[in-house]
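S.K.: Questions regarding the structure given below will be posed in turn.
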There are 2 protein chains.
Amino acid sequence: MIRRAAENEPLDEEKMAAGLKAGTLVVLGNTRRSGVVRPTAVGAGTRTKVNANFGTSRDASCLEEEREKLKVAVEVGADAVMDLSTGEDIDRMLKMVLEESPVPVGTVPIYELAAGAVSRGCSFDGIGEEEFIEVVKRHCELGVDFITVHCGLTLEGLRHVEQEGRVTGIVSRGGSFLQRWMRTNRRENPLYTYYDEILKIAGKFNVTLSLGDGLRPGATADATDRGQTSELLVLGELVDRARRAGVQAMVEGPGHVPINQIELNVRLQKELCKGAPFYVLGPLVTDVAPGYDHITAAIGGALAGAYGADFLCYVTPAEHLRLPSLEDVRTGVITVRIAAHAADIAKGLPGAAQWDLEMSRARKKLDWERMYELAIDPALARKVRGSSQPKDAKLCTMCAELCALKD
Amino acid sequence: MIRRAAENEPLDEEKMAAGLKAGTLVVLGNTRRSGVVRPTAVGAGTRTKVNANFGTSRDASCLEEEREKLKVAVEVGADAVMDLSTGEDIDRMLKMVLEESPVPVGTVPIYELAAGAVSRGCSFDGIGEEEFIEVVKRHCELGVDFITVHCGLTLEGLRHVEQEGRVTGIVSRGGSFLQRWMRTNRRENPLYTYYDEILKIAGKFNVTLSLGDGLRPGATADATDRGQTSELLVLGELVDRARRAGVQAMVEGPGHVPINQIELNVRLQKELCKGAPFYVLGPLVTDVAPGYDHITAAIGGALAGAYGADFLCYVTPAEHLRLPSLEDVRTGVITVRIAAHAADIAKGLPGAAQWDLEMSRARKKLDWERMYELAIDPALARKVRGSSQPKDAKLCTMCAELCALKD
């Protein structure tokens, strides 16, 4: 597995094994999916990876469409995908994804509990503690490669959120579901209480734990507050316990964070979680651009990556507005890949800048075919230039004869 | 003029006058266009401004279309525009723009010389030194509010570029034109030689000099090289001379710059140019994404702004491929506005984060009408959500009933 994961990395097998042992990198790949999944390294010294989410919702539940999204996401270069289905037939959907996805698949197992309760018209508080562990187990057995488990969300964290106050409260779907369960039942989060159980199950199938941030800020105004920071403290301890149990773990991060707090967030995570891989959603650097949140996230993601984040979850233009369309998925993946690559150049990742160098050489020679070939989206680059024909086929209609690169 | 420029700034008139005197900010507005142009401050303590370029090229020369681009750019919030026409009827085009644009208008006067030579089938070297000054004078007299003049491009700078070597050479249109003229005529750049003349002319009409960077890097591999840096040294001296002459000056910057060199570039400009406003094009943080360069530029622009750049020139999705379409202009302006606003939050500009706070409050209340109203692109936000109807009108199809903000 290490050998295959090292194939597309500037790291040799030995160094990868050392990182794996230290816990500064993880290799995504459930043993149940060996032969199907491409083992994928996330963490120190490896390429910054990108993830694409898809899945049905309770309002838009077409399996065929979600299957197309998986296909497109992989086609345009997602390193991993998450099936976040909460619509009808979650089970059939997940099995299909696990069968067809060549890249690691992640889930948030407790979504299934929440969706099930809503389907049956029940409130969340009737869900038994054991069900939280059962659903985790089932996903691991089915072959899911990494699971988001909000084990760091504790009553103490909720107290911080309440005491300090927040503009948007809890915006994580998993976090808000757990909060309701915890408040009504006046009990600690079962994912925290039974963390050892989860470790045992995950260890059995080499499932990587993606320790979720249920208290991530949903507004730049809430960034780096006490709730978020206290949860990160717990996540650090949970990373220690995972390492002792020989289970792979990475840590999830925000969210909505202004540019001037991104370095702080990455450095704090790296310190408190002892170099565990950092998996960020965005971060979105402003709240005012619904319809353009792939861009607000690309700004934050590129910067987070440059400071050391290892894994970027895409955000699509549909964020905050609707379930993403096929085209949104496509745009989202390419945009986050741009952010990840820009981060890799900044990180000084061996080989990363070579791609840019080759593009720049082709540009200097006005070698359009080579430029298309090297473009992150060859078809789009070709289409855009093709839509406006220059008189001289060597040039483009922007500068035409006054092209600085001519001669 | 100071009073009007201060209207939309977190700076009072007194502080603005002090910045103007110190040269750390400029107010764009040709005296010939007073009454038409909205005086616009660029520099320390003011909102990060955005500029949109348009104009005909020799391959795509429809005045009506360019007029539409001006309209759209202003409509979606460009603080300034540049008419970079090099096609037919440059003069008619510019007069139309100066008549119709409520925001400051910039030009690169020497484009007219280059385009004229090409039109007549002449080589550049026959252009007389006096023509460089004449065209600058004509643009100032016509009412142009700021002019890009590549006065810092010297034979010494060219020597640096040649001696060190570059992947893409000179990519600035003005820079490449001047280089050819200088090489063939074996003479110093007339814009440098006759800088005092230019100062006199600019001073007469309160035209702001935008000191161009003819040696800006056109590849991330060329960023912060000796050619670029040596030109910046000259630009610093030219800023001093402008200040002594009582002429407003800002400094243009790159270009293609990897994330890890952006802070350096901004800080170096601020040091060498004694706090003169910094006007950057991008910077693009990777070279491999033609078709998405509004995004590569937004990443770099947001970061440059956060570190202190004052004025961001937009880059459209058409960059490196074709003359931008109307839709490209629209996308380009909104994208660079996102970058500028994210930078203003990071700069701690008084009031900037208030917009985000109001959006986050509306989000928490699931008040969609207010969210649309506050969105950077209200029509798009409404359209995207409207294209996928939730069963419960308070929610959206992403999380539906599992919305974390529900209740």
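Order determines the names: the first chain of the structure tokens is A, the second B, and so forth; residues in each chain are numbered 1 upward, and ligands are numbered 1 upward as they are shown.
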What's the 6 Å shell around region 123-132 of chain A, counting only C-alpha atoms, without same-chain residues fewer than 2 positions away, as a PyMOL selection string?
M.R.: chain A and resi 134-135+181+190
S.K.: Contacts from chain B to chain A, 7 Å maximum, only C-alpha atoms: show me the residue list as a ChimeraX atom specification.
M.R.: /B:57-60,167-168,170-173,176,219,221,258-260,285-291,295,298-299,318,321-323,342,345-346,356-357,359-361,364,374-376,380-381,384-385,388,390-391,396-405
S.K.: Taking the DSSP secondary structure from the backbone, can you list the residues of region 231-388 of chain A that are alpha helix (DSSP H), as an MDAnalysis selection string?
M.R.: chainID A and resid 231:244 262:272 293:307 326:347 352:364 368:374 378:386
S.K.: Leaving out Gly246 (chain B) and any residue of its chain fewer than 2 positions from it, which residues lie within 9 Å of it when counting only C-alpha atoms, given as a list in words?
M.R.: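 Residues meeting the cut-off are Lys21, Leu199, Gly203, Arg241, Ala242, Arg243, Arg244 and Gln248 of chain B.
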S.K.: Output N, CA and C atoms for every residue in the selection just made, as a CSV table (one decimal), in the first residue's frame.
M.R.:
```
chain,number,residue,atom,x,y,z
B,21,LYS,N,-0.7,64.3,1.0
B,21,LYS,CA,0.6,65.2,1.1
B,21,LYS,C,1.8,64.3,1.2
B,199,LEU,N,6.2,64.9,-15.8
B,199,LEU,CA,5.7,65.4,-14.5
B,199,LEU,C,5.0,66.7,-14.7
B,203,GLY,N,1.1,67.2,-13.8
B,203,GLY,CA,0.8,68.1,-12.7
B,203,GLY,C,-0.3,69.1,-13.1
B,241,ARG,N,10.8,61.8,-7.1
B,241,ARG,CA,10.8,63.0,-8.0
B,241,ARG,C,9.4,63.5,-8.2
B,242,ALA,N,8.4,62.5,-8.3
B,242,ALA,CA,7.0,63.0,-8.5
B,242,ALA,C,6.6,63.7,-7.3
B,243,ARG,N,6.9,63.2,-6.1
B,243,ARG,CA,6.5,63.9,-4.9
B,243,ARG,C,7.1,65.3,-4.8
B,244,ARG,N,8.3,65.4,-5.2
B,244,ARG,CA,9.0,66.7,-5.1
B,244,ARG,C,8.3,67.7,-6.1
B,248,GLN,N,1.0,63.3,-8.3
B,248,GLN,CA,0.6,62.0,-7.7
B,248,GLN,C,1.1,60.8,-8.4
```
S.K.: Can you tell me which residues surround Val108 (chain B) at a distance of at most 7 Å, considering only C-alpha atoms, apart from same-chain residues fewer than 4 positions away, and format the answer as a PyMOL selection string?
M.R.: chain B and resi 84+147-149
S.K.: Could you please determine the separation between CA of Phe278 (chain A) and CA of Lys15 (chain A) in Å, to one decimal place?
M.R.: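 CA of Phe278 (chain A) sits 18.9 Å away from CA of Lys15 (chain A).
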S.K.: When DSSP is applied to the backbone of this structure, which of region 103-278 of chain B are assigned strand (DSSP E or B)? Write them out as a VMD selection string.
M.R.: chain B and resid 105 to 107 146 to 149 208 to 211 249 to 253 256 278
S.K.: Please provide as a PyMOL selection string all residues within 9 Å of Asn53 (chain B), with the sequence filter that same-chain residues fewer than 2 positions apart are discarded (counting only C-alpha atoms).
M.R.: chain B and resi 51+55+70+73+80-84+106+313-315+329
S.K.: Suppose we keep N, CA, C and O atoms; can you now write the selection as an mmCIF file, in the first residue's frame?
M.R.:
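So result.cif came out as:
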```
data_model
loop_
_atom_site.group_PDB
_atom_site.id
_atom_site.type_symbol
_atom_site.label_atom_id
_atom_site.label_comp_id
_atom_site.auth_asym_id
_atom_site.auth_seq_id
_atom_site.Cartn_x
_atom_site.Cartn_y
_atom_site.Cartn_z
ATOM 1 N N ASN B 51 -9.705 47.581 -10.419
ATOM 2 C CA ASN B 51 -9.732 48.144 -11.771
ATOM 3 C C ASN B 51 -10.103 47.077 -12.788
ATOM 4 O O ASN B 51 -9.690 45.925 -12.661
ATOM 5 N N GLY B 55 -11.217 47.393 -23.885
ATOM 6 C CA GLY B 55 -10.673 48.102 -25.045
ATOM 7 C C GLY B 55 -10.507 47.175 -26.225
ATOM 8 O O GLY B 55 -10.360 45.971 -26.053
ATOM 9 N N LEU B 70 -17.578 48.603 -20.514
ATOM 10 C CA LEU B 70 -17.443 49.705 -19.562
ATOM 11 C C LEU B 70 -18.669 49.763 -18.656
ATOM 12 O O LEU B 70 -18.559 49.835 -17.425
ATOM 13 N N ALA B 73 -18.806 46.790 -16.238
ATOM 14 C CA ALA B 73 -17.755 46.882 -15.221
ATOM 15 C C ALA B 73 -18.161 47.857 -14.118
ATOM 16 O O ALA B 73 -18.014 47.571 -12.924
ATOM 17 N N ALA B 80 -12.412 51.714 -10.905
ATOM 18 C CA ALA B 80 -11.717 52.419 -11.981
ATOM 19 C C ALA B 80 -11.679 51.490 -13.183
ATOM 20 O O ALA B 80 -11.878 50.285 -13.039
ATOM 21 N N VAL B 81 -11.453 52.071 -14.357
ATOM 22 C CA VAL B 81 -11.323 51.254 -15.561
ATOM 23 C C VAL B 81 -10.131 51.741 -16.369
ATOM 24 O O VAL B 81 -9.706 52.894 -16.231
ATOM 25 N N MET B 82 -9.594 50.847 -17.176
ATOM 26 C CA MET B 82 -8.553 51.268 -18.112
ATOM 27 C C MET B 82 -8.990 50.919 -19.524
ATOM 28 O O MET B 82 -9.396 49.787 -19.795
ATOM 29 N N ASP B 83 -8.906 51.891 -20.399
ATOM 30 C CA ASP B 83 -9.181 51.670 -21.811
ATOM 31 C C ASP B 83 -7.844 51.344 -22.476
ATOM 32 O O ASP B 83 -6.998 52.212 -22.640
ATOM 33 N N LEU B 84 -7.673 50.080 -22.823
ATOM 34 C CA LEU B 84 -6.397 49.636 -23.393
ATOM 35 C C LEU B 84 -6.500 49.414 -24.895
ATOM 36 O O LEU B 84 -5.805 48.574 -25.468
ATOM 37 N N GLY B 106 -8.129 55.102 -16.821
ATOM 38 C CA GLY B 106 -6.692 55.058 -17.076
ATOM 39 C C GLY B 106 -6.408 54.599 -18.491
ATOM 40 O O GLY B 106 -7.251 53.962 -19.128
ATOM 41 N N CYS B 313 -5.757 45.141 -10.060
ATOM 42 C CA CYS B 313 -6.276 45.093 -11.428
ATOM 43 C C CYS B 313 -6.882 43.716 -11.630
ATOM 44 O O CYS B 313 -6.269 42.713 -11.292
ATOM 45 N N TYR B 314 -8.074 43.683 -12.180
ATOM 46 C CA TYR B 314 -8.702 42.387 -12.378
ATOM 47 C C TYR B 314 -7.991 41.586 -13.448
ATOM 48 O O TYR B 314 -7.231 42.121 -14.263
ATOM 49 N N VAL B 315 -8.226 40.287 -13.409
ATOM 50 C CA VAL B 315 -7.793 39.391 -14.468
ATOM 51 C C VAL B 315 -9.054 38.597 -14.792
ATOM 52 O O VAL B 315 -9.778 38.195 -13.884
ATOM 53 N N VAL B 329 -15.782 40.057 -18.374
ATOM 54 C CA VAL B 329 -15.589 41.315 -17.649
ATOM 55 C C VAL B 329 -16.382 41.270 -16.343
ATOM 56 O O VAL B 329 -15.876 41.587 -15.267
#
```
S.K.: How close does each residue of region 322-380 of chain A get to region 1-14 of chain A, giving the shortest atom pair and distance in Å to one decimal for every residue with an atom at most 8 Å away, counting only C-alpha atoms, sorted by chain and residue number, as CSV?
M.R.:
```
residue,atom,partner,partner_atom,distance
A:Leu349,CA,A:Pro10,CA,7.4
A:Pro350,CA,A:Pro10,CA,6.0
A:Gly351,CA,A:Pro10,CA,7.2
```
S.K.: Tell me which of B:Asn185, B:Thr40, B:Ser101, B:Thr48 sits closest to Ala304 (chain B), counting only C-alpha atoms.
M.R.: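 Smallest distance to Ala304 (chain B) is found for B:Thr48.
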S.K.: So that I can see what lies close to region 137-146 of chain A, please list as a PyMOL selection string the residues with an atom at most 8 Å from it, counting only C-alpha atoms and leaving out residues fewer than 2 positions away in the same chain.
M.R.: chain A and resi 28-33+95+98+104-107+109+133-135+148+198+201-202+205-210
S.K.: Write a file of the just-selected residues containing C-alpha atoms, as a CSV table (one decimal), in the first residue's frame.
M.R.:
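Output saved as again24.csv:
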```csv
chain,number,residue,atom,x,y,z
A,28,LEU,CA,-6.3,6.3,2.8
A,29,GLY,CA,-7.5,2.8,1.8
A,30,ASN,CA,-9.8,0.4,3.6
A,31,THR,CA,-8.4,-3.2,3.5
A,32,ARG,CA,-11.9,-4.2,2.3
A,33,ARG,CA,-11.4,-2.1,-0.8
A,95,LYS,CA,-22.5,0.6,-2.0
A,98,LEU,CA,-17.7,2.0,-3.0
A,104,PRO,CA,-10.7,6.8,-1.5
A,105,VAL,CA,-14.2,7.3,-0.3
A,106,GLY,CA,-15.2,9.1,2.9
A,107,THR,CA,-18.5,9.3,4.7
A,109,PRO,CA,-21.7,7.8,9.2
A,133,ILE,CA,-21.1,2.9,17.1
A,134,GLU,CA,-23.1,0.5,15.0
A,135,VAL,CA,-23.3,2.9,12.1
A,148,THR,CA,-15.6,11.8,9.6
A,198,ILE,CA,-14.3,3.4,17.3
A,201,ILE,CA,-13.3,-0.9,14.6
A,202,ALA,CA,-11.2,1.5,12.4
A,205,PHE,CA,-10.1,-2.3,8.4
A,206,ASN,CA,-7.4,0.3,8.3
A,207,VAL,CA,-10.0,3.0,8.1
A,208,THR,CA,-8.6,6.5,8.6
A,209,LEU,CA,-10.4,8.6,11.2
A,210,SER,CA,-11.1,12.2,10.0
```
S.K.: Give me, please, the distance in Å between CA of Arg330 (chain A) and CA of Val97 (chain A), quoted to one decimal.
M.R.: 17.5 Å
S.K.: Figure out the distance between CA of Val336 (chain B) and CA of Val50 (chain B), please, to one decimal in Å.
M.R.: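 CA of Val336 (chain B) lies at a distance of 6.6 Å from CA of Val50 (chain B).
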